Amino acid sequence: MYEKSIELLNKAVADELSAVHQYMYFHFHCEDQGFELLTGLFIRTAIEEMKHIELLAERIIFLGGDVELVAAEEVQKIQDVSEMLAMGIKMEQGSVRDYNLWANECSANADSGSKKVFEGLVDDEERHYDQYDNEKNNLERFGDRYLALQSIEMSKRAATSASME
């Protein structure tokens, strides 16, 4: 009865797994480059995407299905911050589009529970999109100075914590 919903929920799991992997990759490289704000943004978003996987998995199991933990995409080896943000924006836009469609499809199949799950995910993905878009706009507006300030702040924190040990 809920085969289509389970299929769509598993597609969402695959997309969310891809996002976790990609955002963790971005997190590692932003941290290595000293970009503290972006490091925090990517790690927080990855953690939220992990929570989405948990929510989706719980719904799949409730419907009598099995969770397929296979990422939809390979990690893109992007180390340029502007390209990272552009990819994040693109990924979040795709999720919003898909989850809206899938919410409607679940509704058409008399599965309002899965519809509500997808609608909740849309809210989170729109927020992620907005955060990445704001950071991309800041980077375009302030250029390398924006990144330099983040790097300087991270260096000051590291120096302060090292001197206290």
# chains A, B, ... in the order shown; residues from 1 in each chain; ligands from 1
$ residues_around --residues "segment 80-91 of chain A" --least-positions-apart "3" --cutoff "9 Å" --atoms "only C-alpha atoms" --output "PDB file with C-alpha atoms, in the first residue's frame"
ATOM      1  CA  ASP A  15      19.953  12.607  -1.278  1.00  0.00           C
ATOM      2  CA  ALA A  19      24.509  16.058   1.312  1.00  0.00           C
ATOM      3  CA  GLN A  22      29.486  16.663   0.571  1.00  0.00           C
ATOM      4  CA  TYR A  23      29.048  19.101   3.453  1.00  0.00           C
ATOM      5  CA  PHE A  26      33.446  21.134   2.584  1.00  0.00           C
ATOM      6  CA  HIS A  29      38.491  22.012   3.669  1.00  0.00           C
ATOM      7  CA  CYS A  30      37.055  25.224   5.127  1.00  0.00           C
ATOM      8  CA  LEU A  38      31.862  28.545   6.871  1.00  0.00           C
ATOM      9  CA  GLY A  94      17.012  20.452  -5.835  1.00  0.00           C
ATOM     10  CA  SER A  95      15.909  19.080  -2.480  1.00  0.00           C
ATOM     11  CA  VAL A  96      13.215  21.743  -2.103  1.00  0.00           C
ATOM     12  CA  HIS A 128      19.879  25.944   4.286  1.00  0.00           C
ATOM     13  CA  TYR A 129      19.494  27.471   0.820  1.00  0.00           C
ATOM     14  CA  ASP A 130      19.064  30.917   2.359  1.00  0.00           C
ATOM     15  CA  GLN A 131      22.169  30.511   4.538  1.00  0.00           C
ATOM     16  CA  TYR A 132      24.341  29.461   1.586  1.00  0.00           C
ATOM     17  CA  ASP A 133      22.898  32.210  -0.593  1.00  0.00           C
ATOM     18  CA  GLU A 135      27.226  33.599   2.446  1.00  0.00           C
ATOM     19  CA  LYS A 136      27.707  33.616  -1.344  1.00  0.00           C
ATOM     20  CA  LEU A 139      31.659  36.662  -0.526  1.00  0.00           C
ATOM     21  CA  GLU A 140      30.705  38.433  -3.767  1.00  0.00           C
ATOM     22  CA  LEU A 147      37.444  35.113   4.007  1.00  0.00           C
TER      23      LEU A 147
END
$ select_by_dssp --residues "segment 12-116 of chain A" --states "alpha helix (DSSP H)" --output "PyMOL selection string"
chain A and resi 12-33+36-62+81-108+112-116
$ closest_residue --among "A:Tyr146, A:Thr39, A:Gln79, A:Phe62" --to "Ser5 of chain A" --atoms "only C-alpha atoms"
A:Phe62
$ atom_distance --atom1 "atom CA of Leu121 of chain A" --atom2 "atom CA of Ile61 of chain A"
17.9 Å
$ closest_atom_pairs --of "segment 14-36 of chain A" --to "segment 56-60 of chain A" --cutoff "12 Å" --atoms "only C-alpha atoms" --output "JSON lines"
{"residue": "A:Ala14", "atom": "CA", "partner": "A:Leu56", "partner_atom": "CA", "distance": 10.4}
{"residue": "A:Asp15", "atom": "CA", "partner": "A:Leu56", "partner_atom": "CA", "distance": 11.2}
{"residue": "A:Glu16", "atom": "CA", "partner": "A:Leu56", "partner_atom": "CA", "distance": 9.6}
{"residue": "A:Leu17", "atom": "CA", "partner": "A:Leu56", "partner_atom": "CA", "distance": 11.3}
$ atom_distance --atom1 "atom CA of Tyr25 of chain A" --atom2 "atom CA of Asp124 of chain A"
20.5 Å
$ residues_around --residues "Asp123 of chain A" --least-positions-apart "2" --cutoff "12 Å" --atoms "only C-alpha atoms" --output "list in words"
His52, Glu92, Gln93, Ser95, Val96, Arg97, Tyr99, Asn100, Lys116, Val117, Phe118, Glu119, Gly120, Leu121, Glu125, Glu126, Arg127, His128, Tyr129 and Asp130 of chain A
$ residues_around --residues "Leu37 of chain A" --least-positions-apart "2" --cutoff "10 Å" --atoms "only C-alpha atoms" --output "JSON, numbers by chain"
{"A": [30, 31, 34, 35, 39, 40, 41, 42, 135, 147, 149, 150, 151, 153, 154]}
$ atom_distance --atom1 "atom CA of Ser107 of chain A" --atom2 "atom CA of Ser18 of chain A"
25.8 Å
$ closest_residue --among "A:Val75, A:Val13, A:Asn138, A:Leu101" --to "Met50 of chain A" --atoms "only C-alpha atoms"
A:Val13
$ closest_residue --among "A:Glu74, A:Asp111, A:Asp144, A:Glu105" --to "His21 of chain A" --atoms "only C-alpha atoms"
A:Glu74
$ residues_around --residues "Lys11 of chain A" --least-positions-apart "5" --cutoff "9 Å" --atoms "only C-alpha atoms" --output "list in words"
Ile6, Glu16, Glu68 and Ala72 of chain A
$ closest_residue --among "A:Gln76, A:Glu3, A:Ser112, A:Met24" --to "Glu48 of chain A" --atoms "only C-alpha atoms"
A:Met24
$ closest_residue --among "A:Asn109, A:Gln33, A:Asn104, A:Ser114" --to "Met1 of chain A" --atoms "only C-alpha atoms"
A:Asn109
$ decode --residues "segment 17-151 of chain A" --atoms "C-alpha atoms" --output "compact mmCIF listing (two decimals), in the first residue's frame"
# COMPACT_ATOMS: atom_id res chain seq x y z
CA LEU A 17 23.39 10.99 2.63
CA SER A 18 24.98 12.69 -0.36
CA ALA A 19 24.51 16.06 1.31
CA VAL A 20 26.10 14.83 4.55
CA HIS A 21 29.13 13.52 2.69
CA GLN A 22 29.49 16.66 0.57
CA TYR A 23 29.05 19.10 3.45
CA MET A 24 31.51 17.19 5.63
CA TYR A 25 34.03 17.38 2.79
CA PHE A 26 33.45 21.13 2.58
CA HIS A 27 33.71 21.42 6.37
CA PHE A 28 37.14 19.72 6.38
CA HIS A 29 38.49 22.01 3.67
CA CYS A 30 37.05 25.22 5.13
CA GLU A 31 38.56 24.32 8.48
CA ASP A 32 41.92 23.62 6.86
CA GLN A 33 41.79 27.03 5.16
CA GLY A 34 40.85 28.76 8.42
CA PHE A 35 37.34 29.85 7.40
CA GLU A 36 35.66 29.54 10.79
CA LEU A 37 32.15 30.75 9.94
CA LEU A 38 31.86 28.54 6.87
CA THR A 39 33.36 25.60 8.75
CA GLY A 40 30.60 25.94 11.34
CA LEU A 41 27.89 26.40 8.72
CA PHE A 42 28.85 23.25 6.82
CA ILE A 43 29.16 21.06 9.93
CA ARG A 44 25.84 22.28 11.37
CA THR A 45 24.10 21.65 8.06
CA ALA A 46 25.64 18.15 7.79
CA ILE A 47 24.33 17.34 11.27
CA GLU A 48 20.85 18.58 10.34
CA GLU A 49 20.94 16.41 7.22
CA MET A 50 21.84 13.42 9.44
CA LYS A 51 18.75 14.17 11.53
CA HIS A 52 16.71 14.22 8.32
CA ILE A 53 18.00 10.72 7.51
CA GLU A 54 16.88 9.54 10.93
CA LEU A 55 13.41 11.04 10.46
CA LEU A 56 13.07 9.50 7.01
CA ALA A 57 14.30 6.11 8.23
CA GLU A 58 11.80 6.10 11.08
CA ARG A 59 8.98 6.78 8.61
CA ILE A 60 10.17 4.08 6.20
CA ILE A 61 10.28 1.49 8.97
CA PHE A 62 6.88 2.60 10.29
CA LEU A 63 5.45 1.99 6.80
CA GLY A 64 6.95 -1.50 6.78
CA GLY A 65 9.83 -0.79 4.43
CA ASP A 66 13.59 -1.12 4.72
CA VAL A 67 16.03 1.78 4.76
CA GLU A 68 18.51 1.87 1.88
CA LEU A 69 21.63 3.71 3.04
CA VAL A 70 23.23 4.39 -0.33
CA ALA A 71 24.26 7.93 -1.27
CA ALA A 72 22.78 9.26 -4.51
CA GLU A 73 25.94 11.09 -5.61
CA GLU A 74 29.69 10.90 -5.21
CA VAL A 75 31.45 13.68 -3.31
CA GLN A 76 32.59 16.49 -5.59
CA LYS A 77 36.21 17.45 -4.83
CA ILE A 78 35.59 21.20 -4.61
CA GLN A 79 37.92 23.30 -2.49
CA ASP A 80 37.08 26.81 -3.71
CA VAL A 81 34.69 28.45 -1.23
CA SER A 82 32.59 30.21 -3.86
CA GLU A 83 32.12 26.92 -5.72
CA MET A 84 31.25 25.15 -2.45
CA LEU A 85 28.52 27.67 -1.74
CA ALA A 86 27.21 27.49 -5.31
CA MET A 87 27.00 23.71 -5.05
CA GLY A 88 25.27 23.95 -1.67
CA ILE A 89 22.72 26.33 -3.17
CA LYS A 90 22.12 23.98 -6.10
CA MET A 91 21.76 20.93 -3.84
CA GLU A 92 19.30 22.67 -1.53
CA GLN A 93 17.23 23.99 -4.45
CA GLY A 94 17.01 20.45 -5.84
CA SER A 95 15.91 19.08 -2.48
CA VAL A 96 13.22 21.74 -2.10
CA ARG A 97 11.90 20.98 -5.60
CA ASP A 98 11.94 17.20 -5.08
CA TYR A 99 10.46 17.24 -1.59
CA ASN A 100 7.61 19.51 -2.67
CA LEU A 101 6.81 17.14 -5.54
CA TRP A 102 7.13 14.08 -3.34
CA ALA A 103 4.89 15.60 -0.64
CA ASN A 104 2.20 16.06 -3.28
CA GLU A 105 2.70 12.52 -4.57
CA CYS A 106 2.37 11.08 -1.05
CA SER A 107 -0.78 13.12 -0.55
CA ALA A 108 -2.22 11.79 -3.81
CA ASN A 109 -1.53 8.27 -2.49
CA ALA A 110 -3.38 8.94 0.80
CA ASP A 111 -0.20 9.09 2.90
CA SER A 112 -0.47 12.34 4.82
CA GLY A 113 2.20 11.27 7.33
CA SER A 114 4.91 11.08 4.67
CA LYS A 115 3.54 14.28 3.11
CA LYS A 116 4.10 16.05 6.44
CA VAL A 117 7.64 14.66 6.68
CA PHE A 118 8.49 16.05 3.25
CA GLU A 119 6.87 19.40 4.04
CA GLY A 120 8.98 19.70 7.19
CA LEU A 121 12.10 18.90 5.21
CA VAL A 122 11.22 21.62 2.70
CA ASP A 123 11.29 24.21 5.50
CA ASP A 124 14.77 23.10 6.61
CA GLU A 125 16.16 22.90 3.07
CA GLU A 126 14.85 26.40 2.27
CA ARG A 127 16.66 27.68 5.37
CA HIS A 128 19.88 25.94 4.29
CA TYR A 129 19.49 27.47 0.82
CA ASP A 130 19.06 30.92 2.36
CA GLN A 131 22.17 30.51 4.54
CA TYR A 132 24.34 29.46 1.59
CA ASP A 133 22.90 32.21 -0.59
CA ASN A 134 23.64 34.84 2.08
CA GLU A 135 27.23 33.60 2.45
CA LYS A 136 27.71 33.62 -1.34
CA ASN A 137 26.38 37.19 -1.48
CA ASN A 138 28.76 38.23 1.32
CA LEU A 139 31.66 36.66 -0.53
CA GLU A 140 30.70 38.43 -3.77
CA ARG A 141 30.22 41.74 -1.95
CA PHE A 142 33.35 41.71 0.22
CA GLY A 143 35.60 39.36 -1.75
CA ASP A 144 38.70 37.87 -0.20
CA ARG A 145 38.46 40.30 2.73
CA TYR A 146 35.43 38.34 3.94
CA LEU A 147 37.44 35.11 4.01
CA ALA A 148 40.52 36.83 5.46
CA LEU A 149 38.52 38.07 8.44
CA GLN A 150 37.33 34.53 9.15
CA SER A 151 40.87 33.19 8.90
